[in-house]
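J.: Got a structure here, written out as structure tokens. Questions coming.
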Amino acid sequence: MADYRADMRDIRFQLFEVLKIQDLQKFPRFQDYGKDEYEAVISEAYKFAREVLAPMNEVSDQVGARFENGQVILPEPFKAAWKRLAAGGYIGTIQDMEVGGQGLPWIIGQVVHEFFIGACVAFSLSAGLTEGVVSLLNDFGTEEMKKKYIPKLLDGTWSGTMCLTEAGAGSDVGANKATAEPIGNGRYRINGTKIFITGGDHDIVENVVHAVLARTPGAPPGTKGLSLFIVPKHKVDENGNIVGFNDVKVGRIEHKMGIKGSPTCVLNFGEDGQCEGELLGQELDGIKIMFHMMNEARIMVGVQGLGAAGASYEAAKAYAQERLQGTSILAMKDPKAPKVPIIEHPDVRRMLMYQKAVVEGLRYLLYSTAMYADIARGTSDPAEKEKYQGFVELLTPICKAYGSLMGCRACDEAIQVYGGYGYCSEYPVEQNYRDVRISPIYEGTNGIQALDLMGRKLPMKGTQVFMGYLKEIGQFVDKYKGHPTIGKFVQKVGEAKNGLAEIGMKVLTVAMQDPAYMALQATPFLECFGDLIVAWGLCQQALVAEAALNQIYAQNGATSVTDKRKLCQDNLEAKFYYGKVLTTQFFCNYVLPQGKGRIEAMKTQDRSALDMIF
């Protein structure tokens, strides 16, 4: 059986000791849930990921999705797994209880996504998109639409998709040409072709419900002219019964580098003029409504980076502990020296530390953003709601772009730990890298996320949201910069925060006269921001860990350096907390300072990339 592992101790630490999600119980929305309930959910989800999903990962890659006689066929184990997924309530983890969901906080949903995506991403993508369609219907659908679609989406009888991209338009959503002609009773005749549609069609459900962007007659050009429609593959009556084919046909499926078990479809709507859709919300509100699903999906893509990085790190660490090769560098001149596990080699340890820091830092970034969303949903204080919703909007492009970028980098390092075997398909890291490499591309390329951050999110409310988030970091720095253990790392966070604020304001000022310069700096700025958040998150973790570690030392009478070192080797809790402090030290000393170089480059206002004649 394929072995998928996640660091449950770290996940519990971040949830309950650092972020303290049990405190969400103070909000009426989450009053029925506490630490015991959260523990039970994540334990069962992890078990499901290991026992049901992970064994399918290899066959998902080797068999993949097939397109035969107009039918998309998924690997054989997917159908039974989908039924078990739905029966476990996982499609509705964060959906309101009123519509049949579990009503859990969004942060728990991200933990579940990490497990499922890390265990078998190709299978899990359709579940995430189905959940997104449920959210759209719940927030913007009529009562009739909710009644028709949501129950069968949640119980897994149907699945959902997001249909934006068109040939010739690509990331330029405003160039979409699909049309929607009104035919009465809120229904429209849909015509057009969408490409790169994840889970666009398959044989493990009875119906696929598409959220489709299209243009109504007389709509203005660009994104302002788009409306959103619910378009099922098979027509549905008011009671949710299938009543006939809805003229949605698969043109082909793509042959891809990775996520081969996930069907990426070309969909033709209305080839025979018989495709009908229902308007969701109001005409011309399509892009605004779709952004609700897109933002959820973008954060899930960041979790995809985390899931792949976490699975690859755990595999690489286990391999490095077992693989014997070479002698210790301390005995390199002794030809008779015994072979040692490669984890004893300094460069392997460097690579593993990098992966560990990335995984634990991304967990903080993604989990904390989800918790901000939960606070915004739970609070009755308008000012608090505005603050935390603003943080979610600010951080969404960072979650997507930085999460996917660093996930790819960590997986790449995992392959390097294995050496030549990492490039071979008999080990999991090769597939993990191929599967995760799409994440910087889809759901809005990372370049687009950087432009969104720099061009929209930084200026938001006169930069108040951006500066408000940096103020939170600054307050932490002021409080702990003199801490005897982590103070020197906190000071580095403060320096990075000040540098980011300075260059952010500079770029925004120059952008008024030179928008191309702003666009050129957007990606390095986003990377600097991501590094800052991770460093801040790791410092928070180190602060909690250091206090717990000192308590363990005191309880065991460990006072000397030697005694403490031995205790950390023998006591699992001491070892965990000690590792937290060192991980923070590594990131703040080796990774965070790289931002200074990016900022210095941005300050030069170098235009060589713009002036180059290719």
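We name chains A, B, ... following the order of the structure tokens; residues begin at 1 in each chain, and ligands are numbered from 1 as shown.
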Considering only C-alpha atoms, return as a PyMOL selection string whatever protein or nucleic-acid residues lie within 7 Å of Gln25 in chain A, sequence-local ones (same chain, fewer than 6 positions apart) excluded.
T.: chain A and resi 31+33-34
J.: Can you tell me which residues surround Cys411 in chain A at a distance of at most 9 Å, considering only C-alpha atoms, apart from same-chain residues fewer than 5 positions away, and format the answer as JSON, numbers by chain?
T.: {"A": [305, 308, 309, 310, 311, 312, 313, 355, 406, 416, 429, 430, 432, 433, 436]}
J.: Once you have the residues from the selection above, write them out as a CSV table (one decimal), in the first residue's frame, restricted to N, CA, C and O atoms.
T.:
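And here is the file that came out, again-v7.csv:
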```
chain,number,residue,atom,x,y,z
A,305,GLY,N,0.1,23.0,-2.9
A,305,GLY,CA,1.5,23.1,-2.8
A,305,GLY,C,2.0,22.6,-1.4
A,305,GLY,O,3.0,21.8,-1.3
A,308,ALA,N,1.6,18.6,-1.3
A,308,ALA,CA,2.7,17.9,-2.0
A,308,ALA,C,4.0,18.0,-1.3
A,308,ALA,O,4.8,17.1,-1.2
A,309,ALA,N,4.3,19.3,-0.8
A,309,ALA,CA,5.5,19.5,-0.1
A,309,ALA,C,5.6,18.7,1.2
A,309,ALA,O,6.7,18.1,1.5
A,310,GLY,N,4.5,18.6,1.9
A,310,GLY,CA,4.5,17.8,3.2
A,310,GLY,C,4.7,16.3,2.9
A,310,GLY,O,5.5,15.7,3.6
A,311,ALA,N,4.0,15.8,1.9
A,311,ALA,CA,4.2,14.4,1.6
A,311,ALA,C,5.6,14.1,1.1
A,311,ALA,O,6.2,13.1,1.5
A,312,SER,N,6.1,15.0,0.3
A,312,SER,CA,7.5,14.8,-0.2
A,312,SER,C,8.5,14.9,0.9
A,312,SER,O,9.5,14.1,0.9
A,313,TYR,N,8.4,15.8,1.8
A,313,TYR,CA,9.3,16.0,2.9
A,313,TYR,C,9.3,14.7,3.8
A,313,TYR,O,10.4,14.2,4.1
A,355,GLN,N,13.0,22.0,3.5
A,355,GLN,CA,11.6,21.5,3.3
A,355,GLN,C,10.8,21.6,4.5
A,355,GLN,O,9.6,21.9,4.5
A,406,MET,N,6.5,27.7,-3.4
A,406,MET,CA,7.3,27.1,-2.4
A,406,MET,C,7.1,25.5,-2.3
A,406,MET,O,7.9,24.8,-2.0
A,416,GLN,N,16.0,15.8,-4.9
A,416,GLN,CA,17.5,15.9,-4.8
A,416,GLN,C,18.0,15.1,-3.6
A,416,GLN,O,19.1,14.5,-3.7
A,429,VAL,N,8.3,10.9,-4.9
A,429,VAL,CA,8.6,12.3,-5.0
A,429,VAL,C,8.5,12.7,-6.5
A,429,VAL,O,8.2,13.9,-6.8
A,430,GLU,N,8.9,11.8,-7.4
A,430,GLU,CA,8.8,12.1,-8.8
A,430,GLU,C,7.4,12.5,-9.3
A,430,GLU,O,7.1,13.5,-9.9
A,432,ASN,N,4.9,13.4,-7.2
A,432,ASN,CA,4.5,14.6,-6.4
A,432,ASN,C,4.9,15.8,-7.2
A,432,ASN,O,4.1,16.8,-7.2
A,433,TYR,N,6.2,15.9,-7.7
A,433,TYR,CA,6.6,17.1,-8.4
A,433,TYR,C,5.8,17.3,-9.7
A,433,TYR,O,5.4,18.4,-9.9
A,436,VAL,N,2.3,18.6,-8.7
A,436,VAL,CA,2.2,19.9,-8.1
A,436,VAL,C,2.6,21.0,-9.1
A,436,VAL,O,2.3,22.2,-8.9
```
J.: Hey, what's within 10 Å of Ile197 in chain A if we count only C-alpha atoms and toss same-chain stuff fewer than 6 positions away? As JSON, numbers by chain, please?
T.: {"A": [161, 162, 163, 164, 165, 166, 210, 253, 254, 262, 263, 264, 265, 266, 267]}
J.: Need to verify the contact set: Phe525 in chain A, 10 Å, only C-alpha atoms, exclusion of same-chain residues closer than 4 positions in sequence. Can you return it as a list of chain:residue names?
T.: A:Ala450, A:Leu451, A:Leu453, A:Met454, A:Leu500, A:Ile503, A:Gly504, A:Val507, A:Met518, A:Leu520, A:Gln521, A:Phe529, A:Gly530, A:Asp531, A:Gly595, A:Arg598, A:Ile599, A:Met602
J.: So which one's closest to Ser60 in chain A, A:Ile473, A:Ala80, A:Ala410, A:Ile259? Using only C-alpha atoms, please.
T.: A:Ile259
